[in-house]
file upload_27.csv (CSV, C-alpha atoms and all ligand atoms)
chain,number,residue,atom,x,y,z
A,1,MET,CA,-107.6,212.4,172.0
A,2,THR,CA,-108.4,215.2,174.5
A,3,ALA,CA,-105.6,217.7,174.8
A,4,ILE,CA,-103.9,217.7,178.2
A,5,ARG,CA,-104.8,221.0,179.9
A,6,ILE,CA,-103.6,220.3,183.4
A,7,ASP,CA,-100.3,218.7,182.8
A,8,LEU,CA,-98.8,217.6,186.1
A,9,PHE,CA,-96.4,215.2,184.4
A,10,SER,CA,-93.4,217.5,184.8
A,11,ASP,CA,-92.3,221.1,185.0
A,12,THR,CA,-90.6,220.4,181.6
A,13,LYS,CA,-94.1,220.8,180.1
A,14,THR,CA,-94.1,224.6,180.4
A,15,ARG,CA,-94.3,226.5,177.2
A,16,PRO,CA,-92.7,229.9,176.6
A,17,SER,CA,-95.1,232.7,177.5
A,18,ALA,CA,-96.0,235.6,175.2
A,19,GLY,CA,-93.5,237.9,177.1
A,20,MET,CA,-90.8,235.3,176.8
A,21,ARG,CA,-91.4,234.8,173.1
A,22,GLN,CA,-91.2,238.6,172.6
A,23,ALA,CA,-87.9,238.7,174.5
A,24,MET,CA,-86.6,235.8,172.3
A,25,ALA,CA,-87.8,237.5,169.1
A,26,GLU,CA,-86.0,240.8,170.0
A,27,ALA,CA,-82.7,239.1,171.2
A,28,GLU,CA,-79.4,240.5,169.9
A,29,VAL,CA,-77.5,237.6,168.5
A,30,GLY,CA,-74.1,236.5,167.2
A,31,ASP,CA,-72.0,233.3,166.8
A,32,GLU,CA,-71.9,231.7,170.2
A,33,GLN,CA,-69.1,229.3,169.3
A,34,SER,CA,-66.8,232.2,168.8
A,35,GLY,CA,-67.9,234.1,171.9
A,36,GLU,CA,-69.8,236.6,169.8
A,37,ASP,CA,-73.4,236.2,171.0
A,38,PRO,CA,-74.0,239.1,173.4
A,39,THR,CA,-77.2,237.7,174.9
A,40,THR,CA,-75.7,234.3,175.7
A,41,LEU,CA,-72.6,236.1,177.2
A,42,ALA,CA,-75.0,238.2,179.3
A,43,LEU,CA,-76.8,235.1,180.5
A,44,ASN,CA,-73.6,233.3,181.4
A,45,GLU,CA,-72.4,236.3,183.4
A,46,ARG,CA,-75.8,236.6,185.2
A,47,VAL,CA,-75.8,233.0,186.2
A,48,ALA,CA,-72.1,233.0,187.3
A,49,ASP,CA,-73.0,236.0,189.4
A,50,LEU,CA,-76.1,234.4,190.9
A,51,LEU,CA,-74.1,231.3,191.8
A,52,GLY,CA,-71.0,233.2,193.0
A,53,LYS,CA,-68.8,231.5,190.5
A,54,GLU,CA,-66.0,232.9,188.2
A,55,ALA,CA,-67.6,231.9,184.9
A,56,ALA,CA,-70.5,230.0,183.4
A,57,VAL,CA,-71.4,228.5,180.1
A,58,PHE,CA,-74.8,228.0,178.3
A,59,LEU,CA,-75.5,224.3,177.4
A,60,PRO,CA,-78.4,222.7,175.5
A,61,SER,CA,-79.6,220.7,178.6
A,62,GLY,CA,-79.1,219.9,182.2
A,63,THR,CA,-78.1,216.4,181.3
A,64,MET,CA,-75.2,217.8,179.3
A,65,CYS,CA,-74.2,220.0,182.3
A,66,ASN,CA,-74.0,216.9,184.5
A,67,GLU,CA,-72.2,214.8,181.9
A,68,ILE,CA,-69.6,217.4,181.0
A,69,ALA,CA,-69.0,218.4,184.6
A,70,ILE,CA,-68.3,214.7,185.5
A,71,ALA,CA,-66.0,214.4,182.5
A,72,VAL,CA,-64.1,217.5,183.5
A,73,HIS,CA,-63.8,216.6,187.2
A,74,CYS,CA,-62.9,212.9,186.8
A,75,ARG,CA,-60.6,210.6,184.8
A,76,PRO,CA,-61.7,207.1,183.7
A,77,GLY,CA,-61.7,204.7,186.6
A,78,GLU,CA,-62.3,207.3,189.3
A,79,GLU,CA,-65.3,207.3,191.5
A,80,VAL,CA,-68.3,209.6,192.0
A,81,ILE,CA,-70.2,209.6,195.2
A,82,ALA,CA,-74.0,210.2,194.7
A,83,ASP,CA,-77.3,209.3,196.1
A,84,ARG,CA,-78.7,206.0,194.6
A,85,THR,CA,-81.7,207.9,193.3
A,86,ALA,CA,-79.6,210.6,191.5
A,87,HIS,CA,-80.5,211.7,188.0
A,88,ILE,CA,-76.9,211.0,186.9
A,89,ILE,CA,-77.4,207.4,187.8
A,90,GLY,CA,-80.9,206.6,186.6
A,91,PHE,CA,-81.8,209.1,183.9
A,92,GLU,CA,-78.7,210.0,181.8
A,93,GLY,CA,-78.4,206.9,179.6
A,94,GLY,CA,-75.4,205.6,181.5
A,95,GLY,CA,-73.5,208.7,180.5
A,96,PRO,CA,-71.1,208.8,183.5
A,97,ALA,CA,-69.8,205.3,182.4
A,98,ALA,CA,-70.0,205.9,178.7
A,99,ILE,CA,-68.6,209.4,178.5
A,100,ALA,CA,-66.4,210.0,181.6
A,101,GLY,CA,-65.6,206.3,182.2
A,102,VAL,CA,-66.3,206.7,185.9
A,103,MET,CA,-67.5,204.3,188.6
A,104,ILE,CA,-70.4,205.5,190.8
A,105,ASN,CA,-70.5,204.8,194.5
A,106,ALA,CA,-74.2,205.0,195.2
A,107,VAL,CA,-75.2,206.0,198.7
A,108,ASP,CA,-78.6,205.1,200.3
A,109,GLY,CA,-79.6,208.5,201.5
A,110,ARG,CA,-83.0,209.7,202.8
A,111,ARG,CA,-85.3,211.3,200.2
A,112,GLY,CA,-82.4,211.6,197.9
A,113,MET,CA,-80.1,213.3,200.4
A,114,PHE,CA,-77.2,211.6,202.2
A,115,SER,CA,-75.5,212.6,205.4
A,116,ALA,CA,-71.9,213.7,206.0
A,117,GLU,CA,-71.3,210.4,207.8
A,118,GLN,CA,-72.6,208.5,204.8
A,119,ALA,CA,-70.4,210.5,202.5
A,120,GLU,CA,-67.4,209.9,204.8
A,121,ALA,CA,-68.0,206.2,204.8
A,122,ALA,CA,-68.2,206.2,201.0
A,123,VAL,CA,-64.8,207.8,200.5
A,124,ARG,CA,-62.3,205.1,199.6
A,125,THR,CA,-59.6,205.4,202.2
A,126,PRO,CA,-56.8,204.8,202.6
A,127,ALA,CA,-56.1,205.3,198.9
A,128,ASN,CA,-54.4,202.2,197.5
A,129,ARG,CA,-54.1,200.5,194.2
A,130,TYR,CA,-57.1,198.2,194.8
A,131,PHE,CA,-59.7,200.9,195.3
A,132,PRO,CA,-61.1,203.2,192.6
A,133,ARG,CA,-59.9,206.7,193.4
A,134,SER,CA,-62.7,208.8,195.1
A,135,LYS,CA,-62.9,212.0,193.1
A,136,LEU,CA,-66.2,213.8,193.1
A,137,ILE,CA,-69.3,214.2,195.3
A,138,CYS,CA,-72.6,215.0,193.6
A,139,VAL,CA,-75.6,216.5,195.3
A,140,GLU,CA,-79.0,217.1,193.6
A,141,GLN,CA,-80.9,220.3,194.8
A,142,THR,CA,-83.8,219.7,195.0
A,143,SER,CA,-83.8,215.9,194.9
A,144,ASN,CA,-86.1,214.7,192.1
A,145,LEU,CA,-86.7,211.1,193.2
A,146,GLY,CA,-86.6,212.3,196.8
A,147,GLY,CA,-89.9,214.1,196.1
A,148,GLY,CA,-88.6,217.6,195.6
A,149,ALA,CA,-86.8,217.5,198.9
A,150,VAL,CA,-84.5,220.5,199.8
A,151,TRP,CA,-81.0,219.8,201.1
A,152,PRO,CA,-80.7,222.1,204.2
A,153,LEU,CA,-77.7,224.4,204.0
A,154,THR,CA,-76.1,222.9,207.1
A,155,GLN,CA,-76.3,219.4,205.6
A,156,LEU,CA,-74.7,220.7,202.3
A,157,GLN,CA,-72.0,222.4,204.4
A,158,SER,CA,-71.2,219.2,206.3
A,159,ILE,CA,-70.9,217.4,202.9
A,160,THR,CA,-68.5,220.1,201.7
A,161,GLU,CA,-66.4,219.5,204.8
A,162,VAL,CA,-66.1,215.8,204.0
A,163,GLY,CA,-65.2,216.7,200.4
A,164,ARG,CA,-62.5,219.2,201.3
A,165,LYS,CA,-61.0,216.9,204.0
A,166,HIS,CA,-60.4,214.2,201.3
A,167,GLY,CA,-59.5,216.6,198.5
A,168,LEU,CA,-62.6,215.7,196.5
A,169,ALA,CA,-64.4,218.0,194.0
A,170,LEU,CA,-68.1,218.8,194.7
A,171,HIS,CA,-70.8,219.2,192.0
A,172,MET,CA,-74.4,220.3,192.4
A,173,ASP,CA,-77.2,219.2,190.0
A,174,GLY,CA,-79.3,222.3,190.3
A,175,ALA,CA,-82.1,221.4,188.0
A,176,ARG,CA,-84.5,222.8,190.6
A,177,LEU,CA,-82.1,225.0,192.6
A,178,PHE,CA,-84.4,228.0,192.5
A,179,ASN,CA,-87.2,225.8,193.9
A,180,ALA,CA,-84.9,225.1,196.8
A,181,VAL,CA,-84.3,228.9,197.1
A,182,ALA,CA,-88.0,229.7,197.0
A,183,ALA,CA,-88.7,227.1,199.7
A,184,SER,CA,-85.9,228.2,202.1
A,185,ASN,CA,-84.4,231.4,203.3
A,186,VAL,CA,-81.1,230.5,201.6
A,187,THR,CA,-79.8,232.2,198.5
A,188,ALA,CA,-78.6,230.3,195.4
A,189,LYS,CA,-75.1,231.7,196.1
A,190,ASP,CA,-75.0,230.3,199.6
A,191,MET,CA,-76.0,226.9,198.3
A,192,ALA,CA,-73.6,227.0,195.4
A,193,ASP,CA,-70.8,228.1,197.8
A,194,CYS,CA,-70.9,224.5,199.1
A,195,VAL,CA,-69.8,223.1,195.8
A,196,ASP,CA,-67.1,223.8,193.2
A,197,THR,CA,-69.5,223.6,190.2
A,198,ALA,CA,-73.3,223.9,189.8
A,199,TRP,CA,-75.8,224.4,187.1
A,200,ILE,CA,-79.4,225.6,186.8
A,201,ASP,CA,-82.0,224.3,184.4
A,202,LEU,CA,-83.9,226.9,182.4
A,203,SER,CA,-86.3,224.4,180.8
A,204,LYS,CA,-88.0,223.2,184.1
A,205,GLY,CA,-89.9,225.5,186.4
A,206,LEU,CA,-88.3,228.6,184.9
A,207,GLY,CA,-90.4,228.0,181.8
A,208,CYS,CA,-87.8,228.3,179.0
A,209,PRO,CA,-88.0,226.0,175.9
A,210,VAL,CA,-84.3,224.9,176.0
A,211,GLY,CA,-81.2,225.3,178.0
A,212,ALA,CA,-79.2,225.1,181.2
A,213,VAL,CA,-76.2,227.0,182.5
A,214,LEU,CA,-73.2,225.4,184.2
A,215,ALA,CA,-71.0,227.5,186.4
A,216,GLY,CA,-67.6,227.1,188.2
A,217,PRO,CA,-64.0,228.3,188.4
A,218,ARG,CA,-62.5,229.8,185.2
A,219,ASP,CA,-60.2,226.9,184.5
A,220,PHE,CA,-63.1,224.4,184.9
A,221,ILE,CA,-65.2,226.4,182.5
A,222,ASP,CA,-62.3,226.5,180.0
A,223,GLU,CA,-62.3,222.7,180.0
A,224,VAL,CA,-66.1,222.6,179.8
A,225,TRP,CA,-65.8,224.5,176.5
A,226,TRP,CA,-63.6,221.7,175.2
A,227,TRP,CA,-66.2,219.1,176.0
A,228,LYS,CA,-69.0,221.3,174.7
A,229,GLN,CA,-67.3,221.5,171.3
A,230,ARG,CA,-66.5,217.8,171.3
A,231,MET,CA,-70.1,216.8,172.1
A,232,GLY,CA,-71.6,219.1,169.5
A,233,GLY,CA,-73.1,221.4,172.1
A,234,ALA,CA,-71.4,224.6,170.9
A,235,LEU,CA,-74.0,226.8,169.3
A,236,ARG,CA,-74.5,229.6,166.9
A,237,GLN,CA,-77.2,232.3,167.4
A,238,SER,CA,-78.1,230.9,170.8
A,239,GLY,CA,-79.1,234.4,172.0
A,240,ILE,CA,-82.6,233.5,170.9
A,241,LEU,CA,-82.6,230.9,173.7
A,242,ALA,CA,-80.5,232.8,176.2
A,243,ALA,CA,-83.0,235.7,176.0
A,244,ALA,CA,-85.6,233.3,177.3
A,245,GLY,CA,-83.2,232.5,180.1
A,246,LEU,CA,-82.6,236.1,181.0
A,247,TYR,CA,-86.4,236.8,180.9
A,248,ALA,CA,-87.0,233.8,183.1
A,249,LEU,CA,-84.5,234.9,185.7
A,250,GLU,CA,-86.2,238.3,185.8
A,251,HIS,CA,-89.9,237.1,185.8
A,252,ASN,CA,-90.2,233.5,186.8
A,253,VAL,CA,-88.1,233.0,189.9
A,254,ALA,CA,-90.1,234.7,192.7
A,255,ARG,CA,-93.3,233.1,191.3
A,256,LEU,CA,-92.0,229.6,192.0
A,257,ALA,CA,-93.5,230.0,195.5
A,258,ASP,CA,-96.9,229.9,193.7
A,259,ASP,CA,-96.0,226.5,192.3
A,260,HIS,CA,-95.1,225.3,195.8
A,261,ALA,CA,-98.4,226.6,197.2
A,262,ASN,CA,-100.3,224.8,194.4
A,263,ALA,CA,-98.4,221.6,195.1
A,264,ARG,CA,-99.4,221.8,198.7
A,265,ILE,CA,-103.1,222.3,197.8
A,266,LEU,CA,-102.9,219.4,195.4
A,267,ALA,CA,-101.1,217.1,197.9
A,268,GLU,CA,-103.6,217.9,200.7
A,269,GLY,CA,-106.5,217.3,198.4
A,270,LEU,CA,-105.2,214.0,197.1
A,271,ALA,CA,-104.1,212.8,200.6
A,272,ALA,CA,-107.7,213.2,201.7
A,273,LEU,CA,-109.0,210.8,199.0
A,274,PRO,CA,-109.5,207.1,199.8
A,275,GLY,CA,-106.7,204.8,198.9
A,276,ILE,CA,-104.1,207.4,198.1
A,277,ALA,CA,-100.9,207.1,200.2
A,278,LEU,CA,-99.3,210.5,200.5
A,279,ASP,CA,-98.1,212.6,203.5
A,280,PRO,CA,-98.6,216.2,202.5
A,281,ALA,CA,-96.2,217.3,205.3
A,282,THR,CA,-93.3,215.9,203.1
A,283,VAL,CA,-94.2,218.3,200.2
A,284,GLU,CA,-91.6,221.0,200.3
A,285,THR,CA,-91.5,222.3,196.7
A,286,ASN,CA,-93.3,221.7,193.4
A,287,LEU,CA,-92.9,217.9,193.1
A,288,PHE,CA,-94.1,214.9,195.0
A,289,TYR,CA,-95.0,211.2,194.7
A,290,PHE,CA,-98.1,209.3,195.8
A,291,ASP,CA,-99.1,205.7,195.7
A,292,VAL,CA,-102.5,204.5,194.5
A,293,ALA,CA,-102.2,200.8,195.3
A,294,GLU,CA,-105.0,200.9,197.8
A,295,THR,CA,-107.4,202.3,195.2
A,296,GLY,CA,-107.2,199.0,193.3
A,297,LEU,CA,-106.0,201.0,190.3
A,298,THR,CA,-102.5,201.0,188.7
A,299,ALA,CA,-100.7,204.3,188.0
A,300,ALA,CA,-101.3,203.7,184.3
A,301,GLN,CA,-105.0,203.2,184.8
A,302,VAL,CA,-105.3,206.4,186.8
A,303,ASN,CA,-103.7,208.3,184.0
A,304,GLU,CA,-106.0,206.6,181.4
A,305,LYS,CA,-109.0,207.7,183.4
A,306,LEU,CA,-107.6,211.3,183.8
A,307,ALA,CA,-106.7,211.7,180.1
A,308,PRO,CA,-110.3,212.4,178.8
A,309,ASN,CA,-110.4,215.2,181.5
A,310,GLY,CA,-107.3,216.8,180.1
A,311,ILE,CA,-105.2,215.9,183.1
A,312,ARG,CA,-102.2,213.7,183.7
A,313,PHE,CA,-99.5,212.8,186.2
A,314,SER,CA,-96.4,210.9,185.5
A,315,ALA,CA,-96.5,207.1,186.2
A,316,MET,CA,-93.2,206.3,187.9
A,317,GLY,CA,-94.0,202.7,189.0
A,318,PRO,CA,-96.8,200.1,189.0
A,319,THR,CA,-98.8,202.1,191.5
A,320,LEU,CA,-96.6,205.2,192.0
A,321,LEU,CA,-97.4,208.6,190.4
A,322,ARG,CA,-95.5,211.8,190.4
A,323,ALA,CA,-97.1,215.3,190.4
A,324,VAL,CA,-95.2,218.4,189.4
A,325,THR,CA,-96.7,221.9,189.5
A,326,HIS,CA,-95.4,224.7,187.3
A,327,LEU,CA,-96.3,228.0,185.7
A,328,ASP,CA,-98.8,226.5,183.2
A,329,VAL,CA,-101.0,225.0,185.9
A,330,ASP,CA,-102.8,227.5,188.2
A,331,GLU,CA,-104.7,227.0,191.5
A,332,ALA,CA,-108.0,226.3,189.7
A,333,GLY,CA,-106.2,223.6,187.7
A,334,VAL,CA,-104.9,221.7,190.8
A,335,ARG,CA,-108.3,222.0,192.5
A,336,GLU,CA,-109.9,220.5,189.3
A,337,ALA,CA,-107.3,217.7,189.4
A,338,VAL,CA,-108.3,216.9,193.0
A,339,LYS,CA,-111.9,216.9,192.1
A,340,VAL,CA,-111.5,214.6,189.1
A,341,MET,CA,-109.3,212.2,191.1
A,342,GLY,CA,-112.0,212.1,193.7
A,343,ASP,CA,-114.5,211.0,190.9
A,344,ILE,CA,-112.0,208.3,189.8
A,345,VAL,CA,-111.2,206.8,193.2
A,346,GLY,CA,-114.6,207.4,194.7
A,347,GLY,CA,-113.7,210.2,197.2
B,401,LIG,C1,-84.5,217.2,184.5
B,401,LIG,C2,-83.3,216.9,185.4
B,401,LIG,C3,-82.0,216.8,184.9
B,401,LIG,C4,-81.7,216.9,183.4
B,401,LIG,O1,-82.1,218.2,182.9
B,401,LIG,P1,-82.5,218.3,181.3
B,401,LIG,O2,-82.4,219.7,181.1
B,401,LIG,O3,-83.8,217.7,181.2
B,401,LIG,O4,-81.5,217.5,180.5
B,401,LIG,C5,-81.0,216.6,185.7
B,401,LIG,N1,-81.2,216.4,187.0
B,401,LIG,C6,-82.4,216.5,187.6
B,401,LIG,C7,-82.5,216.3,189.1
B,401,LIG,C8,-83.5,216.7,186.8
B,401,LIG,O5,-84.7,216.7,187.3
call {"tool": "encode", "arguments": {"input": "upload_27.csv", "output": "structure tokens", "more": "lines below"}}
Ligand SMILES: *Cc1c(COP(=O)(O)O)cnc(C)c1O
result
Amino acid sequence: MTAIRIDLFSDTKTRPSAGMRQAMAEAEVGDEQSGEDPTTLALNERVADLLGKEAAVFLPSGTMCNEIAIAVHCRPGEEVIADRTAHIIGFEGGGPAAIAGVMINAVDGRRGMFSAEQAEAAVRTPANRYFPRSKLICVEQTSNLGGGAVWPLTQLQSITEVGRKHGLALHMDGARLFNAVAASNVTAKDMADCVDTAWIDLSKGLGCPVGAVLAGPRDFIDEVWWWKQRMGGALRQSGILAAAGLYALEHNVARLADDHANARILAEGLAALPGIALDPATVETNLFYFDVAETGLTAAQVNEKLAPNGIRFSAMGPTLLRAVTHLDVDEAGVREAVKVMGDIVGG
């Protein structure tokens, strides 16, 4: 089998760079469970600061950040308002139901983003013993199934108003928060100010091998620690991993703009090919979807034909593919992907 060289499957496919590996090798470490790992403590402080929150905690994955946050915010039987396409609904193994015991009130937003009016309509009022209690609103910045769409700050703020008005907590899945920052003139702090709790993923576009950091008020983070221990997510010499995170925050944030530029080149190239349905104007960040139905090929067939060329996308439906750019794919790589796709679909 040919090795995949141009891996547009996901930004999770990034591998730690030489510089990152060196930072990991040199990390000062201690026992994280007892608060003795200086590098993890430094990373927590750095992320809390970037997001304007009182405290933060390093966790093994973004999924664990979401699941623990929901468990801390909600009691069983309470309801979470989220877009129908949200990662917490479709890609976390039913965790909100299995772990926190919550109901989800799924909202049909646009490109993974719902309006304040939709949020308002989803809140169960007036509270009575028949309704599940509305408790939490979740937003995903950027929206994954929405095609890397960025919630505008004003839209986030209007959702916050709805949450505050009804006494709900607000949580941000910030798996790609820094992509949203790179694509807008808004800081991570201004976006995170719209919610009580937020997290960033280190293992996506930031290029780390493992980890995510969840931030929020001090008392929330105290409770997160309880769940982290309970779920087996408390670590030992995690400074090795946290060092990668600190390195990424230093070196891999500003360069996300390159991934966005490459995604645009890729999208424009693909959109010009026959039978590919894609509007490049909707590409805001490093991730987009396109449909190959009109080429007569399925998504799986496209990937089969790409594989011998060392290229792959992610097949998300019978004829739907997802492309994600990241720091291990350069401009020459996306141009090559367009060329090979042209050979496959006859462009
Ligand atoms: C990848 C992803 C997650 C989960 O993060 P992991 O670190 O892979 O567990 C959560 N939300 C969104 C939007 C994602 O894309």
call {"tool": "atom_distance", "arguments": {"input": "upload_27.csv", "atom1": "atom C7 of ligand LIG 401 (chain B)", "atom2": "CA of His87 (chain A)"}}
result
5.1 Å
call {"tool": "closest_atom_pairs", "arguments": {"input": "upload_27.csv", "of": "region 202-290 of chain A", "to": "region 307-324 of chain A", "cutoff": "10 Å", "atoms": "only C-alpha atoms", "output": "tab-separated table"}}
result
residue	atom	partner	partner_atom	distance
A:Gly205	CA	A:Val324	CA	9.4
A:Asp259	CA	A:Val324	CA	8.6
A:His260	CA	A:Val324	CA	9.4
A:Asn262	CA	A:Val324	CA	9.6
A:Ala263	CA	A:Val324	CA	7.3
A:Leu266	CA	A:Ala323	CA	8.7
A:Ala267	CA	A:Ala323	CA	8.7
A:Ile276	CA	A:Leu320	CA	9.9
A:Ala277	CA	A:Leu320	CA	9.5
A:Thr285	CA	A:Val324	CA	9.1
A:Asn286	CA	A:Val324	CA	5.5
A:Leu287	CA	A:Val324	CA	4.4
A:Phe288	CA	A:Ala323	CA	5.5
A:Tyr289	CA	A:Arg322	CA	4.4
A:Phe290	CA	A:Leu321	CA	5.5
call {"tool": "residues_near_ligand", "arguments": {"input": "upload_27.csv", "ligand": "ligand LIG 401 (chain B)", "cutoff": "8 Å", "atoms": "only C-alpha atoms and all ligand atoms", "output": "ChimeraX atom specification"}}
result
/A:12,60-66,86-88,91-92,140-145,173-176,201-204,210-212
call {"tool": "atom_distance", "arguments": {"input": "upload_27.csv", "atom1": "CA of Asp291 (chain A)", "atom2": "CA of Val329 (chain A)"}}
result
21.7 Å
call {"tool": "closest_residue", "arguments": {"input": "upload_27.csv", "among": "A:Ala127, A:Leu206, A:Ala248, A:Ala116", "to": "Leu177 (chain A)", "atoms": "all atoms listed in the file"}}
result
A:Leu206
call {"tool": "closest_residue", "arguments": {"input": "upload_27.csv", "among": "A:Asn44, A:Gln118, A:Gln237, A:Asn105", "to": "Trp199 (chain A)", "atoms": "only C-alpha atoms"}}
result
A:Asn44
call {"tool": "closest_residue", "arguments": {"input": "upload_27.csv", "among": "A:Pro126, A:Gly30, A:Pro209, A:Gly163", "to": "Val80 (chain A)", "atoms": "all atoms listed in the file"}}
result
A:Gly163
call {"tool": "atom_distance", "arguments": {"input": "upload_27.csv", "atom1": "CA of Gly112 (chain A)", "atom2": "CA of Ile159 (chain A)"}}
result
13.8 Å
call {"tool": "residues_near_point", "arguments": {"input": "upload_27.csv", "point": "(-62.1, 214.1, 190.6)", "cutoff": "8 Å", "atoms": "only C-alpha atoms", "output": "PyMOL selection string"}}
result
chain A and resi 73-75+78-80+134-136+168-169
call {"tool": "closest_residue", "arguments": {"input": "upload_27.csv", "among": "A:Ala149, A:Leu170, A:Ala97, A:Cys208", "to": "Arg111 (chain A)", "atoms": "only C-alpha atoms"}}
result
A:Ala149
call {"tool": "closest_residue", "arguments": {"input": "upload_27.csv", "among": "A:Val292, A:Ala69, A:Ala198, A:Ala183", "to": "Arg255 (chain A)", "atoms": "only C-alpha atoms"}}
result
A:Ala183
call {"tool": "residues_near_point", "arguments": {"input": "upload_27.csv", "point": "(-70.2, 218.0, 206.8)", "cutoff": "9 Å", "atoms": "only C-alpha atoms", "output": "list of chain:residue names"}}
result
A:Ser115, A:Ala116, A:Glu117, A:Ala119, A:Glu120, A:Thr154, A:Gln155, A:Leu156, A:Gln157, A:Ser158, A:Ile159, A:Thr160, A:Glu161, A:Val162, A:Gly163
call {"tool": "closest_residue", "arguments": {"input": "upload_27.csv", "among": "A:Gly90, A:Gly35, A:Pro96, A:Gly167", "to": "Arg236 (chain A)", "atoms": "only C-alpha atoms"}}
result
A:Gly35
call {"tool": "residues_around", "arguments": {"input": "upload_27.csv", "residues": "Thr39 (chain A)", "least_positions_apart": "4", "cutoff": "10 Å", "atoms": "only C-alpha atoms", "output": "list in words"}}
result
Met24, Ala27, Glu28, Val29, Gly30, Glu32, Leu43, Asn44, Glu45, Gln237, Ser238, Gly239, Ile240, Leu241, Ala242, Ala243, Ala244, Gly245 and Leu246 of chain A
call {"tool": "decode", "arguments": {"input": "upload_27.csv", "residues": "region 151-156 of chain A", "atoms": "all heavy atoms", "output": "compact mmCIF listing (two decimals), in the first residue's frame"}}
result
# COMPACT_ATOMS: atom_id res chain seq x y z
N TRP A 151 -18.54 31.09 13.83
CA TRP A 151 -19.62 31.88 14.46
C TRP A 151 -19.15 33.32 14.56
O TRP A 151 -18.14 33.59 15.22
CB TRP A 151 -19.89 31.40 15.88
CG TRP A 151 -20.54 30.07 16.08
CD1 TRP A 151 -19.98 28.85 15.89
CD2 TRP A 151 -21.88 29.83 16.55
NE1 TRP A 151 -20.89 27.86 16.22
CE2 TRP A 151 -22.05 28.45 16.63
CE3 TRP A 151 -22.94 30.67 16.92
CZ2 TRP A 151 -23.24 27.86 17.06
CZ3 TRP A 151 -24.12 30.09 17.36
CH2 TRP A 151 -24.27 28.70 17.42
N PRO A 152 -19.88 34.27 13.97
CA PRO A 152 -19.51 35.66 14.16
C PRO A 152 -19.67 36.05 15.64
O PRO A 152 -20.55 35.51 16.32
CB PRO A 152 -20.52 36.43 13.30
CG PRO A 152 -21.11 35.41 12.38
CD PRO A 152 -21.05 34.10 13.10
N LEU A 153 -18.83 36.97 16.10
CA LEU A 153 -18.87 37.37 17.51
C LEU A 153 -20.26 37.87 17.91
O LEU A 153 -20.76 37.54 18.99
CB LEU A 153 -17.81 38.44 17.79
CG LEU A 153 -17.68 38.87 19.25
CD1 LEU A 153 -17.26 37.70 20.14
CD2 LEU A 153 -16.68 40.02 19.39
N THR A 154 -20.89 38.65 17.04
CA THR A 154 -22.20 39.21 17.38
C THR A 154 -23.24 38.10 17.57
O THR A 154 -24.11 38.20 18.43
CB THR A 154 -22.70 40.16 16.27
OG1 THR A 154 -22.55 39.51 15.02
CG2 THR A 154 -21.89 41.45 16.26
N GLN A 155 -23.12 37.05 16.77
CA GLN A 155 -24.07 35.93 16.91
C GLN A 155 -23.84 35.20 18.23
O GLN A 155 -24.79 34.83 18.92
CB GLN A 155 -23.94 34.98 15.71
CG GLN A 155 -25.05 33.94 15.64
CD GLN A 155 -25.03 33.17 14.32
OE1 GLN A 155 -24.38 33.59 13.36
NE2 GLN A 155 -25.72 32.05 14.27
N LEU A 156 -22.55 35.01 18.57
CA LEU A 156 -22.24 34.39 19.87
C LEU A 156 -22.82 35.24 21.00
O LEU A 156 -23.42 34.73 21.94
CB LEU A 156 -20.73 34.25 20.04
CG LEU A 156 -20.01 33.16 19.26
CD1 LEU A 156 -18.51 33.26 19.49
CD2 LEU A 156 -20.51 31.76 19.65
